[in-house]
Structures are given as C-alpha cells and as structure tokens.
$ cat target26.cif   # mmCIF, C-alpha atoms
data_input
#
loop_
_atom_site.label_atom_id
_atom_site.label_comp_id
_atom_site.auth_asym_id
_atom_site.auth_seq_id
_atom_site.Cartn_x
_atom_site.Cartn_y
_atom_site.Cartn_z
CA MET E 1 -61.25 -19.51 -55.52
CA LYS E 2 -61.32 -16.95 -52.76
CA LEU E 3 -64.57 -17.05 -50.81
CA ILE E 4 -65.97 -14.11 -48.85
CA ARG E 5 -69.14 -13.38 -46.93
CA PHE E 6 -70.41 -9.80 -46.86
CA GLY E 7 -73.12 -7.77 -45.17
CA ALA E 8 -74.30 -6.88 -41.70
CA ALA E 9 -73.58 -9.31 -38.88
CA GLY E 10 -76.06 -12.17 -39.02
CA GLN E 11 -77.19 -11.20 -42.52
CA GLU E 12 -74.11 -12.10 -44.55
CA LYS E 13 -74.34 -13.24 -48.17
CA ALA E 14 -71.97 -15.45 -50.13
CA GLY E 15 -69.42 -13.90 -52.44
CA VAL E 16 -66.07 -14.45 -54.10
CA LEU E 17 -63.03 -12.26 -54.62
CA ILE E 18 -61.86 -12.11 -58.23
CA ASN E 19 -58.99 -9.80 -59.20
CA ASP E 20 -59.57 -7.84 -55.98
CA LYS E 21 -63.23 -7.30 -56.90
CA ARG E 22 -65.97 -8.56 -54.61
CA ILE E 23 -68.60 -10.56 -56.49
CA ASP E 24 -72.04 -11.49 -55.12
CA VAL E 25 -72.83 -15.18 -55.75
CA SER E 26 -75.78 -15.40 -53.38
CA SER E 27 -78.05 -16.22 -56.34
CA VAL E 28 -76.40 -19.65 -56.56
CA VAL E 29 -75.06 -20.15 -53.01
CA THR E 30 -77.24 -19.95 -49.91
CA ASP E 31 -74.24 -19.70 -47.57
CA TYR E 32 -70.81 -21.16 -46.96
CA ASN E 33 -71.95 -23.62 -44.34
CA GLU E 34 -71.86 -27.34 -43.62
CA ALA E 35 -74.45 -28.13 -46.32
CA PHE E 36 -72.50 -26.16 -48.93
CA PHE E 37 -69.23 -28.01 -48.40
CA GLU E 38 -70.92 -31.38 -47.86
CA ASN E 39 -72.78 -31.20 -51.18
CA ASP E 40 -69.76 -30.46 -53.38
CA GLY E 41 -70.47 -26.75 -53.25
CA LEU E 42 -66.96 -25.66 -54.18
CA ALA E 43 -67.02 -27.55 -57.49
CA LYS E 44 -70.55 -26.36 -58.27
CA LEU E 45 -69.62 -22.75 -57.53
CA GLU E 46 -66.52 -22.98 -59.71
CA GLU E 47 -68.66 -24.28 -62.56
CA ALA E 48 -71.23 -21.51 -62.05
CA LEU E 49 -68.51 -18.87 -62.22
CA LYS E 50 -67.24 -20.31 -65.51
CA ASN E 51 -70.71 -20.25 -67.04
CA ASN E 52 -71.97 -16.91 -65.73
CA THR E 53 -70.08 -13.64 -65.92
CA SER E 54 -72.98 -11.42 -64.87
CA PHE E 55 -72.83 -11.78 -61.09
CA PRO E 56 -73.14 -8.33 -59.46
CA GLU E 57 -70.18 -6.56 -57.94
CA VAL E 58 -70.17 -5.65 -54.23
CA SER E 59 -68.89 -2.35 -52.87
CA ASN E 60 -65.67 -2.42 -50.88
CA ASP E 61 -67.47 -0.32 -48.26
CA ILE E 62 -69.65 -3.23 -47.18
CA ARG E 63 -68.57 -5.15 -44.10
CA LEU E 64 -66.95 -8.55 -44.51
CA GLY E 65 -68.06 -11.35 -42.21
CA SER E 66 -66.30 -14.59 -41.41
CA PRO E 67 -65.81 -16.41 -44.73
CA VAL E 68 -67.61 -19.45 -43.30
CA ALA E 69 -70.95 -19.46 -41.52
CA ARG E 70 -70.96 -20.66 -37.93
CA PRO E 71 -69.19 -24.03 -37.99
CA SER E 72 -70.04 -26.99 -35.80
CA LYS E 73 -66.75 -26.42 -33.98
CA ILE E 74 -63.59 -24.32 -33.90
CA ILE E 75 -60.63 -26.50 -32.95
CA CYS E 76 -57.29 -24.98 -32.01
CA ILE E 77 -53.82 -26.42 -31.68
CA GLY E 78 -51.74 -25.10 -28.80
CA LEU E 79 -47.97 -24.65 -28.68
CA ASN E 80 -47.38 -25.64 -32.31
CA TYR E 81 -44.28 -23.49 -32.93
CA VAL E 82 -41.02 -24.40 -31.19
CA ASP E 83 -40.03 -20.80 -30.51
CA HIS E 84 -43.49 -20.00 -29.07
CA CYS E 85 -43.04 -22.90 -26.63
CA GLU E 86 -39.70 -21.39 -25.62
CA GLU E 87 -41.06 -17.88 -25.06
CA THR E 88 -43.87 -19.17 -22.83
CA GLY E 89 -41.63 -21.59 -20.95
CA ALA E 90 -43.61 -24.62 -22.11
CA ALA E 91 -42.24 -27.99 -23.14
CA ILE E 92 -42.43 -28.89 -26.82
CA PRO E 93 -45.47 -31.19 -27.06
CA GLU E 94 -45.02 -34.79 -28.15
CA GLU E 95 -48.58 -34.82 -29.51
CA PRO E 96 -50.80 -31.91 -30.55
CA ILE E 97 -52.47 -29.96 -27.74
CA ILE E 98 -56.15 -29.53 -28.59
CA PHE E 99 -58.61 -26.98 -27.27
CA PHE E 100 -61.82 -25.39 -28.55
CA LYS E 101 -63.02 -21.86 -29.11
CA SER E 102 -66.75 -21.29 -28.79
CA THR E 103 -68.58 -20.79 -32.07
CA THR E 104 -69.88 -17.50 -30.65
CA SER E 105 -66.31 -16.17 -30.67
CA LEU E 106 -66.37 -16.18 -34.49
CA CYS E 107 -66.66 -12.76 -36.14
CA GLY E 108 -65.67 -10.79 -39.20
CA PRO E 109 -62.02 -10.02 -39.91
CA ASN E 110 -62.35 -6.31 -39.27
CA ASP E 111 -64.94 -6.32 -36.50
CA ASN E 112 -64.06 -4.68 -33.18
CA LEU E 113 -62.33 -6.76 -30.55
CA ILE E 114 -64.44 -6.59 -27.40
CA ILE E 115 -62.23 -6.84 -24.34
CA PRO E 116 -64.20 -9.03 -21.94
CA LYS E 117 -65.65 -7.76 -18.68
CA ASN E 118 -63.09 -8.11 -15.84
CA SER E 119 -60.23 -8.65 -18.29
CA ASP E 120 -56.82 -7.04 -18.02
CA LYS E 121 -54.76 -9.67 -19.90
CA THR E 122 -56.28 -9.93 -23.37
CA ASP E 123 -53.59 -11.07 -25.83
CA TRP E 124 -53.16 -11.63 -29.58
CA GLU E 125 -52.15 -14.67 -31.70
CA VAL E 126 -51.84 -14.61 -35.50
CA GLU E 127 -52.62 -18.09 -36.85
CA LEU E 128 -53.06 -20.08 -40.03
CA ALA E 129 -56.45 -21.80 -39.99
CA PHE E 130 -57.91 -24.36 -42.35
CA VAL E 131 -61.49 -25.32 -43.11
CA VAL E 132 -62.66 -28.92 -43.43
CA GLY E 133 -64.23 -29.75 -46.79
CA LYS E 134 -65.96 -33.05 -46.10
CA LYS E 135 -66.84 -35.34 -43.21
CA ALA E 136 -63.66 -36.84 -41.80
CA SER E 137 -63.33 -39.76 -39.41
CA TYR E 138 -60.23 -41.95 -38.94
CA VAL E 139 -58.49 -40.37 -41.93
CA ALA E 140 -55.09 -41.67 -43.03
CA GLU E 141 -52.44 -38.96 -43.15
CA GLU E 142 -51.68 -39.64 -46.81
CA ASP E 143 -55.36 -38.98 -47.66
CA ALA E 144 -55.82 -36.00 -45.37
CA LEU E 145 -55.67 -33.20 -47.94
CA ASP E 146 -58.67 -34.74 -49.72
CA TYR E 147 -60.69 -33.48 -46.74
CA LEU E 148 -59.49 -29.87 -46.98
CA ALA E 149 -61.64 -26.99 -48.24
CA GLY E 150 -59.09 -24.19 -47.87
CA TYR E 151 -57.12 -21.82 -45.68
CA CYS E 152 -57.85 -18.65 -43.68
CA LEU E 153 -56.22 -16.05 -41.47
CA LEU E 154 -57.36 -16.16 -37.83
CA ASN E 155 -56.52 -14.14 -34.72
CA ASP E 156 -56.76 -16.47 -31.74
CA TYR E 157 -57.40 -13.86 -29.06
CA SER E 158 -56.75 -15.12 -25.54
CA GLU E 159 -57.49 -13.78 -22.09
CA ARG E 160 -54.43 -15.03 -20.21
CA ALA E 161 -55.77 -14.65 -16.68
CA PHE E 162 -58.93 -16.57 -17.62
CA GLN E 163 -56.84 -19.14 -19.50
CA ILE E 164 -53.97 -19.73 -17.07
CA GLU E 165 -54.76 -18.36 -13.63
CA ARG E 166 -58.34 -19.52 -13.05
CA GLY E 167 -57.93 -23.28 -13.25
CA GLY E 168 -59.52 -25.81 -15.55
CA GLN E 169 -59.08 -25.88 -19.30
CA TRP E 170 -57.87 -23.16 -21.67
CA ALA E 171 -61.30 -22.73 -23.25
CA LYS E 172 -62.47 -20.13 -20.74
CA GLY E 173 -59.74 -17.76 -21.93
CA LYS E 174 -60.24 -18.52 -25.61
CA GLY E 175 -63.96 -18.47 -26.31
CA CYS E 176 -65.04 -14.92 -25.47
CA ASP E 177 -67.15 -12.99 -27.98
CA THR E 178 -65.09 -11.60 -30.92
CA PHE E 179 -62.07 -13.76 -29.97
CA ALA E 180 -61.97 -15.48 -33.40
CA PRO E 181 -61.96 -12.94 -36.24
CA LEU E 182 -61.64 -15.10 -39.37
CA GLY E 183 -60.73 -14.03 -42.89
CA PRO E 184 -61.00 -11.87 -44.96
CA ILE E 185 -61.06 -14.84 -47.36
CA LEU E 186 -61.19 -18.59 -47.48
CA ALA E 187 -58.62 -19.49 -50.13
CA THR E 188 -59.06 -22.90 -51.72
CA ALA E 189 -55.94 -25.05 -51.70
CA ASP E 190 -55.13 -24.35 -55.35
CA GLU E 191 -54.71 -20.65 -54.51
CA ILE E 192 -51.77 -21.36 -52.18
CA GLU E 193 -48.56 -22.62 -53.77
CA ASP E 194 -46.91 -23.86 -50.57
CA VAL E 195 -48.87 -23.63 -47.33
CA ASN E 196 -45.72 -24.65 -45.43
CA ASN E 197 -43.88 -21.49 -46.50
CA LEU E 198 -46.15 -18.50 -45.86
CA SER E 199 -44.93 -15.38 -44.10
CA MET E 200 -47.13 -14.22 -41.23
CA TRP E 201 -47.09 -11.12 -39.03
CA LEU E 202 -49.00 -9.09 -36.46
CA THR E 203 -48.70 -5.51 -35.25
CA VAL E 204 -50.24 -3.59 -32.36
CA ASN E 205 -50.52 0.17 -32.89
CA GLY E 206 -48.07 -0.17 -35.78
CA LYS E 207 -45.39 -2.01 -33.79
CA LYS E 208 -44.55 -5.48 -35.12
CA PHE E 209 -44.73 -8.15 -32.43
CA GLN E 210 -45.08 -11.32 -34.51
CA ASN E 211 -43.07 -12.02 -37.65
CA SER E 212 -42.69 -15.65 -38.66
CA ASN E 213 -43.43 -18.30 -41.28
CA THR E 214 -45.65 -21.36 -41.43
CA SER E 215 -42.51 -23.42 -42.14
CA ASN E 216 -41.98 -23.37 -38.37
CA LEU E 217 -45.12 -25.40 -37.58
CA ILE E 218 -44.34 -28.48 -35.48
CA PHE E 219 -47.39 -30.49 -36.60
CA LYS E 220 -48.32 -29.90 -40.25
CA ILE E 221 -51.86 -29.81 -41.65
CA PRO E 222 -52.10 -33.35 -43.10
CA PHE E 223 -51.02 -34.79 -39.77
CA LEU E 224 -53.46 -32.57 -37.88
CA ILE E 225 -56.41 -33.70 -40.02
CA HIS E 226 -55.39 -37.31 -39.49
CA TYR E 227 -54.78 -36.83 -35.78
CA LEU E 228 -57.96 -34.93 -34.96
CA SER E 229 -60.07 -37.42 -36.88
CA GLN E 230 -58.93 -40.18 -34.52
CA PHE E 231 -60.75 -38.45 -31.65
CA MET E 232 -63.76 -36.77 -33.25
CA THR E 233 -65.61 -36.51 -36.53
CA LEU E 234 -64.67 -33.37 -38.42
CA LEU E 235 -67.66 -31.92 -40.23
CA PRO E 236 -67.67 -29.86 -43.42
CA GLY E 237 -67.10 -26.21 -42.56
CA ASP E 238 -65.30 -26.91 -39.28
CA VAL E 239 -62.43 -24.51 -38.61
CA VAL E 240 -59.07 -25.70 -37.29
CA SER E 241 -56.51 -23.09 -36.21
CA THR E 242 -52.95 -24.39 -36.24
CA GLY E 243 -51.19 -22.36 -33.54
CA THR E 244 -49.25 -19.13 -33.20
CA PRO E 245 -45.57 -18.23 -33.58
CA PRO E 246 -43.62 -16.24 -30.97
CA GLY E 247 -44.31 -12.62 -30.17
CA VAL E 248 -47.48 -12.84 -28.10
CA GLY E 249 -47.95 -10.29 -25.33
CA LEU E 250 -47.61 -12.93 -22.64
CA GLY E 251 -44.07 -13.74 -23.79
CA ILE E 252 -42.66 -10.21 -23.74
CA LYS E 253 -39.86 -9.76 -21.20
CA PRO E 254 -39.47 -8.44 -18.62
CA ASP E 255 -43.10 -7.28 -18.53
CA PRO E 256 -45.90 -8.78 -20.65
CA VAL E 257 -47.91 -6.43 -22.87
CA TYR E 258 -51.69 -6.77 -23.10
CA ILE E 259 -54.39 -5.12 -25.18
CA LYS E 260 -56.15 -2.01 -23.92
CA PRO E 261 -59.14 -0.11 -25.33
CA GLY E 262 -58.23 1.89 -28.41
CA ASP E 263 -55.41 -0.42 -29.50
CA VAL E 264 -55.33 -1.34 -33.19
CA ILE E 265 -54.32 -4.89 -34.04
CA GLU E 266 -53.39 -5.71 -37.64
CA LEU E 267 -52.26 -9.07 -38.99
CA GLY E 268 -51.75 -11.00 -42.18
CA ILE E 269 -50.59 -14.19 -43.82
CA GLU E 270 -49.10 -14.32 -47.29
CA GLY E 271 -51.82 -15.20 -49.81
CA LEU E 272 -54.62 -15.01 -47.23
CA GLY E 273 -55.00 -11.26 -46.86
CA THR E 274 -54.96 -9.02 -43.83
CA SER E 275 -57.35 -8.09 -41.05
CA LYS E 276 -57.64 -5.25 -38.56
CA GLN E 277 -59.39 -5.08 -35.21
CA VAL E 278 -59.85 -2.09 -32.93
CA ALA E 279 -60.09 -2.98 -29.25
CA VAL E 280 -63.05 -1.64 -27.29
CA ALA E 281 -64.04 -2.16 -23.68
CA TYR E 282 -67.02 -4.40 -22.94
#

$ encode --input "target26.cif" --output "structure tokens"
Amino acid sequence: MKLIRFGAAGQEKAGVLINDKRIDVSSVVTDYNEAFFENDGLAKLEEALKNNTSFPEVSNDIRLGSPVARPSKIICIGLNYVDHCEETGAAIPEEPIIFFKSTTSLCGPNDNLIIPKNSDKTDWEVELAFVVGKKASYVAEEDALDYLAGYCLLNDYSERAFQIERGGQWAKGKGCDTFAPLGPILATADEIEDVNNLSMWLTVNGKKFQNSNTSNLIFKIPFLIHYLSQFMTLLPGDVVSTGTPPGVGLGIKPDPVYIKPGDVIELGIEGLGTSKQVAVAY
C-alpha cells in the first residue's frame, strides 16, 4: 500500500494512493499514528480496501501532509554514504552517528521551506527514511525487518552554521520548523522490490546537485533497526532517516552553495515519489 495524509496543516485525514488516485480512508482510519501501527492497522486497512471499493476519491488539488502523524521521535543517521564523508572531509564512521530532528520540523512534502531567522547557511539533503511498524527494543538484526512499516522520501534540511559553528550537538541545525518534509507517500515494504537499489536525486532551481543510489549506504536498514534498538525503544510510527549522499551545498568547492529565498528544491527516490519545496524567508 501507499499511504498518504491530505488536508490543511493540522487537519489531515488518512488516505491511500491507488493507481495514482488519492482515496479517502478516514472512515476506517483515524490517523496514521502510533496507535494505528501498534494495533495492526496496516493489515486491517488492507483488508478494508479489499472489502470496500466505495471509498471517496480526493482531488489532486488538496495539500498532502506528512504521511505519518507526528511521531514520538525523528532519528537521523549522519555520514552514512562514503562519498558524502569524503566531500565533507569527515572520517568514515565505525558505528552509526545518531542525531535527532525535532518533531516540530515535520511537514508536508510540498510545504514551503522556511529559512530560519539569522540563517545564511541553510542546506539540503535528500534521504531515504523508514517508519517503524511496531515497538522495538533489543532487536536482532535478522529479525529487524519484522519491525518495519515502510519507506518514505525525506529532505533533511540543515542549517550549517547552527549545526557546525555554534558548538554542541548537531540538533540545533537540524530541528528548525519545516526542516523535515516527509513524503508524499509511505510505501509499505512490499511496494519496493529492492530498497538497497533505489535511485535518488535532488535539484535546486533545476540544477541537479545530488544523484546517487541507496546501494551506497554504509549501514543498511536491518542493521540500523537492530543498532538503534540497543540504545532506545523505537515506537510505532517513529521515523528514521538513513543519511544523504554527496552533493550537499556544504560540500561544493571552492565555495559552498546555500539556499536563499525563492529557491525551488525538488527531490525524489525511485518508488517513493517526489517532493518540491519553495524557500521563503522567516
């Protein structure tokens, strides 16, 4: 299945995408949240779709929100592509680097990017994200995919001065409002033939800056589920973003390129759709 949420910000309803048509399933699903995933919601929704063909269609003009409601946490993996480590001058990590984005950074896939107040180094990062399907603690790697709900496209926006130049942890440059546009869809695992071989790209004002493939991930998804669950309980609906390939603004030589008001950022991952954000000043 391909899950979507549609409607005005804060008023989204649950839907699915079937043959490129948006279908309203809010009559049987309250929301795609922790309770939904925890209570076998995916299987129940699949059964409802088999037994009911009269769900209403939703206009393509209606805004899409994040395909999951606000999760308990958004976990990100840093420096998870070898060539991204090289472009930023960082050592290849021996274990995953973990940081968090605030849940208030989550927004719809095509919502405006708000450049934070006092920012002049806002940057882009196309990433493959996954959503946790059930409570996970001390999970064995060989069992990890049993805890997976599905996959999404995410843009891990980053304010590099906040992140790198102002001390402390990365979170202060990662958690600004609108810094985690997610979607357009949450694709369940059966929709993706090989998650380790998906093309991914990002353009700014039509110029391609990132062009890579998930085959280049250092730490793969089963290991990440296992690894993260050694340090924290993953809850249903939690979002984990797996890192970005090369081509971020920070890595451009000789002079980095950063986002300015009016820029148009477009990105996509094979099988997970595309998103588009227009940058606006705070």

$ closest_residue --input "target26.cif" --among "E:Leu106, E:Ala149, E:Arg5, E:Val82" --to "E:Lys134" --atoms "all atoms listed in the file"
E:Ala149

$ atom_distance --input "target26.cif" --atom1 "atom CA of E:Tyr282" --atom2 "atom CA of E:Asp177"
10.0 Å

$ atom_distance --input "target26.cif" --atom1 "atom CA of E:Gln210" --atom2 "atom CA of E:Trp124"
9.5 Å

$ residues_around --input "target26.cif" --residues "E:Tyr157" --least-positions-apart "5" --cutoff "6 Å" --atoms "only C-alpha atoms" --output "ChimeraX atom specification"
/E:123-125,179

$ residues_around --input "target26.cif" --residues "stretch 161-170 of chain E" --least-positions-apart "3" --cutoff "10 Å" --atoms "all atoms listed in the file" --output "short mmCIF file (atom, residue, chain, number, x, y, z; two decimals) with C-alpha atoms, keeping the file's coordinate frame"
data_model
loop_
_atom_site.label_atom_id
_atom_site.label_comp_id
_atom_site.auth_asym_id
_atom_site.auth_seq_id
_atom_site.Cartn_x
_atom_site.Cartn_y
_atom_site.Cartn_z
CA GLY E 78 -51.74 -25.10 -28.80
CA ILE E 98 -56.15 -29.53 -28.59
CA PHE E 99 -58.61 -26.98 -27.27
CA PHE E 100 -61.82 -25.39 -28.55
CA LYS E 101 -63.02 -21.86 -29.11
CA ASN E 118 -63.09 -8.11 -15.84
CA SER E 119 -60.23 -8.65 -18.29
CA ASP E 120 -56.82 -7.04 -18.02
CA LYS E 121 -54.76 -9.67 -19.90
CA THR E 122 -56.28 -9.93 -23.37
CA SER E 158 -56.75 -15.12 -25.54
CA GLY E 173 -59.74 -17.76 -21.93
CA LYS E 174 -60.24 -18.52 -25.61
CA GLY E 175 -63.96 -18.47 -26.31
#

$ build_atoms --input "target26.cif" --residues "stretch 176-207 of chain E" --atoms "N, CA and C atoms" --output "compact mmCIF listing (two decimals), keeping the file's coordinate frame"
# COMPACT_ATOMS: atom_id res chain seq x y z
N CYS E 176 -64.24 -16.14 -25.67
CA CYS E 176 -65.04 -14.92 -25.47
C CYS E 176 -65.52 -14.37 -26.81
N ASP E 177 -66.61 -13.61 -26.76
CA ASP E 177 -67.15 -12.99 -27.98
C ASP E 177 -66.06 -12.19 -28.68
N THR E 178 -66.02 -12.30 -30.00
CA THR E 178 -65.09 -11.60 -30.92
C THR E 178 -63.66 -12.12 -30.82
N PHE E 179 -63.43 -13.24 -30.14
CA PHE E 179 -62.07 -13.76 -29.97
C PHE E 179 -61.61 -14.64 -31.13
N ALA E 180 -62.39 -14.71 -32.22
CA ALA E 180 -61.97 -15.48 -33.40
C ALA E 180 -62.32 -14.76 -34.70
N PRO E 181 -61.75 -13.58 -34.94
CA PRO E 181 -61.96 -12.94 -36.24
C PRO E 181 -61.30 -13.79 -37.33
N LEU E 182 -62.09 -14.18 -38.33
CA LEU E 182 -61.64 -15.10 -39.37
C LEU E 182 -61.73 -14.41 -40.73
N GLY E 183 -60.70 -14.61 -41.55
CA GLY E 183 -60.73 -14.03 -42.89
C GLY E 183 -59.73 -12.90 -43.05
N PRO E 184 -59.82 -12.22 -44.16
CA PRO E 184 -61.00 -11.87 -44.96
C PRO E 184 -61.52 -12.94 -45.93
N ILE E 185 -60.65 -13.88 -46.34
CA ILE E 185 -61.06 -14.84 -47.36
C ILE E 185 -60.86 -16.26 -46.87
N LEU E 186 -61.55 -17.18 -47.52
CA LEU E 186 -61.19 -18.59 -47.48
C LEU E 186 -60.60 -18.89 -48.85
N ALA E 187 -59.31 -19.18 -48.88
CA ALA E 187 -58.62 -19.49 -50.13
C ALA E 187 -58.59 -20.99 -50.33
N THR E 188 -59.14 -21.47 -51.44
CA THR E 188 -59.06 -22.90 -51.72
C THR E 188 -57.60 -23.29 -51.93
N ALA E 189 -57.33 -24.58 -51.74
CA ALA E 189 -55.94 -25.05 -51.70
C ALA E 189 -55.16 -24.69 -52.96
N ASP E 190 -55.83 -24.66 -54.10
CA ASP E 190 -55.13 -24.35 -55.35
C ASP E 190 -54.66 -22.91 -55.43
N GLU E 191 -55.14 -22.06 -54.54
CA GLU E 191 -54.71 -20.65 -54.51
C GLU E 191 -53.37 -20.48 -53.79
N ILE E 192 -52.97 -21.48 -53.01
CA ILE E 192 -51.77 -21.36 -52.18
C ILE E 192 -50.72 -22.33 -52.69
N GLU E 193 -49.60 -21.78 -53.15
CA GLU E 193 -48.56 -22.62 -53.77
C GLU E 193 -47.92 -23.56 -52.77
N ASP E 194 -47.56 -23.04 -51.59
CA ASP E 194 -46.91 -23.86 -50.57
C ASP E 194 -47.36 -23.37 -49.19
N VAL E 195 -48.32 -24.07 -48.61
CA VAL E 195 -48.87 -23.63 -47.33
C VAL E 195 -47.84 -23.74 -46.21
N ASN E 196 -46.77 -24.50 -46.44
CA ASN E 196 -45.72 -24.65 -45.43
C ASN E 196 -44.61 -23.61 -45.58
N ASN E 197 -44.88 -22.56 -46.35
CA ASN E 197 -43.88 -21.49 -46.50
C ASN E 197 -44.59 -20.16 -46.75
N LEU E 198 -45.41 -19.76 -45.77
CA LEU E 198 -46.15 -18.50 -45.86
C LEU E 198 -45.67 -17.57 -44.75
N SER E 199 -45.29 -16.36 -45.12
CA SER E 199 -44.93 -15.38 -44.10
C SER E 199 -46.17 -14.94 -43.35
N MET E 200 -46.01 -14.63 -42.07
CA MET E 200 -47.13 -14.22 -41.23
C MET E 200 -46.64 -13.18 -40.24
N TRP E 201 -47.51 -12.24 -39.88
CA TRP E 201 -47.09 -11.12 -39.03
C TRP E 201 -48.27 -10.55 -38.27
N LEU E 202 -47.97 -9.80 -37.23
CA LEU E 202 -49.00 -9.09 -36.46
C LEU E 202 -48.38 -7.86 -35.83
N THR E 203 -49.12 -6.75 -35.89
CA THR E 203 -48.70 -5.51 -35.25
C THR E 203 -49.77 -5.02 -34.28
N VAL E 204 -49.34 -4.29 -33.27
CA VAL E 204 -50.24 -3.59 -32.36
C VAL E 204 -49.84 -2.12 -32.38
N ASN E 205 -50.78 -1.27 -32.76
CA ASN E 205 -50.52 0.17 -32.89
C ASN E 205 -49.30 0.44 -33.76
N GLY E 206 -49.15 -0.36 -34.81
CA GLY E 206 -48.07 -0.17 -35.78
C GLY E 206 -46.76 -0.83 -35.41
N LYS E 207 -46.63 -1.36 -34.20
CA LYS E 207 -45.39 -2.01 -33.79
C LYS E 207 -45.50 -3.51 -34.06
